[in-house]
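K.L.:
The structure under discussion is supplied below as structure tokens; questions concerning it will follow.
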Amino acid sequence: MTTNPQSLRIEGVYQQRQAENFMMRVKVPGGVLSAEQALKISEIADRFAGGRVHLTTRNSIEFHWLKEESLAEIGKMLAAVGLTSRGACGGAVRGVVCSTPFSAGFPAAQTLARKIHHHFTQNPHFEGLPKKFKIAVNADYSDPRHLIQDIGLVYAGTAEERDYYDVWAAGGLGREPTEGFLLKGKVAQENIIPLIESVVSVYKERTPQGKRLKHLVREIGREEFLREIQERMDTCGPLALPDGFDKGLTARPAAEASLHIEARVFAGELEAAALRNLAGIAAKHAEGFMVLTGDQNVAFIMKDQDSCDAAAMALAAVGFGGNSREERVLFRVCPGNHECRMGLAPTRDVARALLESIGPKGEALSWAIAGCPNSCSQPQLAQAGVVTSKIEKSESGELTPLFDLWLRSDIGAMGKVVRQRISLEELRQAIGEMG
Ligand code: SF4
């Protein structure tokens, strides 16, 4: 190991739990990935990452088990297809996500996500931040993930050919889950980037190292925060965001906004060969694009029912028929201590153990498992969430992970903790009792 691992973070690289290995995270704005990009990702996975990728809940792709000497070559391969890992880790504006790909407003949301991504990525004004800065653009309120962003935008309608967005701020998970608050309602599209710039600059100037925006707002209060933002907004004018060719890369369904089909990827673990198959389906049936979803699956937005039917047959032929239990139960899972240095539990093994305990009622819920309180898989926003909250050491030195169980019934809020610090066996029992 010749390079300081800390210096690699801005390039989207973390040192793994296994110190000679690295994880690289690739930004995919709005989750929209072309067939050509997917083929390049598969090639990188086969050559350098053990033949698989991990899909994250933030529409990104992670390669694990990379060697230091491969990192620069992988960066070049990504650049060749217009992708980057820059700022996907460390103190930077992270990948701009969208968790509502099946909504009518998705073409507008994904387009705005790309514009924000291009504005903030690799821009030195927005790097060197105290910690990460997360932005999401959602097409509607069908998903609550705008609540956990530093800036969460939600499409609020179009009037006189201008799109408007509600802007939520200062949310986040981690050890202190905090719901964001409505910073400004119905902001015209040309004021979105000046507003985000103002928030990022206040965050950069006023927040202690290692703290998120939510800490700053808690420290100085919303009133003072809003005053600082407005001061900066007053000094910069609006910034028009003309669409040009980009009015959404995925198909626009003629009638049904939700015409789509999905390949369910258990725990976000996808083989390179399977991704190649999905790229072929995107090229043949979905106008050349796929969408990485916030639930770690791969979706195709279809223009008509015939394309949808043909894609369903093609998916079934390559193992995504939706019949297995692993495909039926919606599970979001972070890498946990399989690869992550922070991990307290082997999350994929825990997911498989829980799958055996989940009954018919549980099958209908969305699930999420996080390997530590950082909560990267967003358990607080799943209908049933599991956070590994502690590791207990017995007298003989044996380490046992303990879990918190969260349940959520309100679509517009985070869930609530219903059991704390229980063992895997107790967790399985609690889940079995849910029916
Ligand atoms: S939740 Fe914890 S264990 Fe899981 S990926 Fe995030 S930091 Fe790692």
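Ligands are numbered from 1 in the order shown, residues from 1 within each chain, and chains are lettered A, B, ... in the order they appear in the structure tokens.
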Could you give me, as a PyMOL selection string, the residues within 6 Å of range 402-417 of chain A, counting only C-alpha atoms and dropping anything in the same chain fewer than 4 positions from it?

P.N.:
chain A and resi 144+380-381+383-391+421-423

K.L.:
Please produce an output containing C-alpha atoms for each residue in the selection, written as a CSV table (one decimal), in the first residue's frame.

P.N.:
```csv
chain,number,residue,atom,x,y,z
A,144,PRO,CA,-40.1,9.6,1.6
A,380,GLN,CA,-35.6,3.9,8.9
A,381,LEU,CA,-37.4,4.4,5.6
A,383,GLN,CA,-41.5,-0.7,6.1
A,384,ALA,CA,-39.4,-3.1,8.2
A,385,GLY,CA,-35.8,-2.1,8.9
A,386,VAL,CA,-33.0,-3.7,10.8
A,387,VAL,CA,-30.0,-1.7,12.1
A,388,THR,CA,-27.0,-3.5,13.6
A,389,SER,CA,-26.6,-1.2,16.6
A,390,LYS,CA,-23.9,-2.9,18.7
A,391,ILE,CA,-21.5,-5.7,18.9
A,421,ARG,CA,-30.4,-4.6,20.9
A,422,ILE,CA,-31.8,-8.0,20.3
A,423,SER,CA,-29.9,-11.1,19.0
```

K.L.:
Could you list, as a PyMOL selection string, every residue within 7 Å of Ser99 in chain A, counting only C-alpha atoms and ignoring same-chain residues fewer than 2 positions away?

P.N.:
chain A and resi 97+101+138+143+293-294

K.L.:
I need the residues from that last selection saved to file as a PDB file, in the first residue's frame (with N, CA and C atoms), if you can.

P.N.:
```pdb
ATOM      1  N   VAL A  97     -29.389  11.520  -6.779  1.00  0.00           N
ATOM      2  CA  VAL A  97     -30.224  10.325  -6.922  1.00  0.00           C
ATOM      3  C   VAL A  97     -31.684  10.682  -7.193  1.00  0.00           C
ATOM      4  N   PRO A 101     -38.538   6.366  -9.891  1.00  0.00           N
ATOM      5  CA  PRO A 101     -38.399   6.206 -11.349  1.00  0.00           C
ATOM      6  C   PRO A 101     -39.698   5.809 -12.061  1.00  0.00           C
ATOM      7  N   ASN A 138     -36.709  14.009  -6.574  1.00  0.00           N
ATOM      8  CA  ASN A 138     -37.800  13.044  -6.675  1.00  0.00           C
ATOM      9  C   ASN A 138     -38.935  13.599  -7.526  1.00  0.00           C
ATOM     10  N   ASP A 143     -42.450   8.527  -2.372  1.00  0.00           N
ATOM     11  CA  ASP A 143     -41.321   7.953  -1.652  1.00  0.00           C
ATOM     12  C   ASP A 143     -40.826   9.009  -0.654  1.00  0.00           C
ATOM     13  N   THR A 293     -32.519   1.360  -9.252  1.00  0.00           N
ATOM     14  CA  THR A 293     -33.521   1.914  -8.339  1.00  0.00           C
ATOM     15  C   THR A 293     -32.966   2.066  -6.921  1.00  0.00           C
ATOM     16  N   GLY A 294     -33.689   2.828  -6.110  1.00  0.00           N
ATOM     17  CA  GLY A 294     -33.312   3.014  -4.708  1.00  0.00           C
ATOM     18  C   GLY A 294     -33.473   1.751  -3.885  1.00  0.00           C
TER      19      GLY A 294
END
```

K.L.:
Using only C-alpha atoms and all ligand atoms, find each protein or nucleic acid residue lying at most 9 Å from ligand 1; present the set as a list in words.

P.N.:
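Protein and nucleic-acid residues within 9 Å of ligand 1: Gly174, Val333, Cys334, Pro335, Gly336, Asn337, His338, Glu339, Cys340, Arg341, Met342, Gly343, Leu344, Ala345, Pro346, Thr347, Ile369, Ala370, Gly371, Cys372, Pro373, Asn374, Ser375, Cys376, Ser377, Gln378, Val387 and Thr388 of chain A.
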
K.L.:
Please identify all polymer residues within 7 Å of range 302-319 of chain A, counting only C-alpha atoms, omitting same-chain residues fewer than 5 positions from it, and present them as a ChimeraX atom specification.

P.N.:
/A:251-254,259-261,277,281,285-286

K.L.:
Restrict the selected residues to C-alpha atoms and save them as a CSV table (one decimal), in the first residue's frame.

P.N.:
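As a result, part09.csv now contains:
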```csv
chain,number,residue,atom,x,y,z
A,251,ALA,CA,-38.7,5.9,-22.8
A,252,ARG,CA,-41.8,8.1,-22.2
A,253,PRO,CA,-44.8,5.9,-21.9
A,254,ALA,CA,-47.6,7.1,-24.1
A,259,LEU,CA,-45.3,1.1,-17.4
A,260,HIS,CA,-42.1,-0.6,-16.4
A,261,ILE,CA,-40.5,-3.9,-15.6
A,277,ASN,CA,-27.8,-9.8,-20.0
A,281,ILE,CA,-32.5,-6.3,-22.8
A,285,HIS,CA,-36.5,-3.5,-25.6
A,286,ALA,CA,-36.0,-0.3,-23.6
```

K.L.:
Can you pull out every residue within 8 Å of Ile61 in chain A, counting only C-alpha atoms, but drop anything in the same chain fewer than 2 positions away, and send it as a list in words?

P.N.:
Arg25, Val26, Lys27, Val28, Val53, His54, Leu55, Thr56, Asn59 and Phe63 of chain A

K.L.:
Fewer than 3 positions away in the same chain doesn't count, so skip those; otherwise give me all residues within 6 Å of range 29-35 of chain A, counting only C-alpha atoms, as a ChimeraX atom specification.

P.N.:
/A:38,59,96-98,110,113-114,279,283,288-292
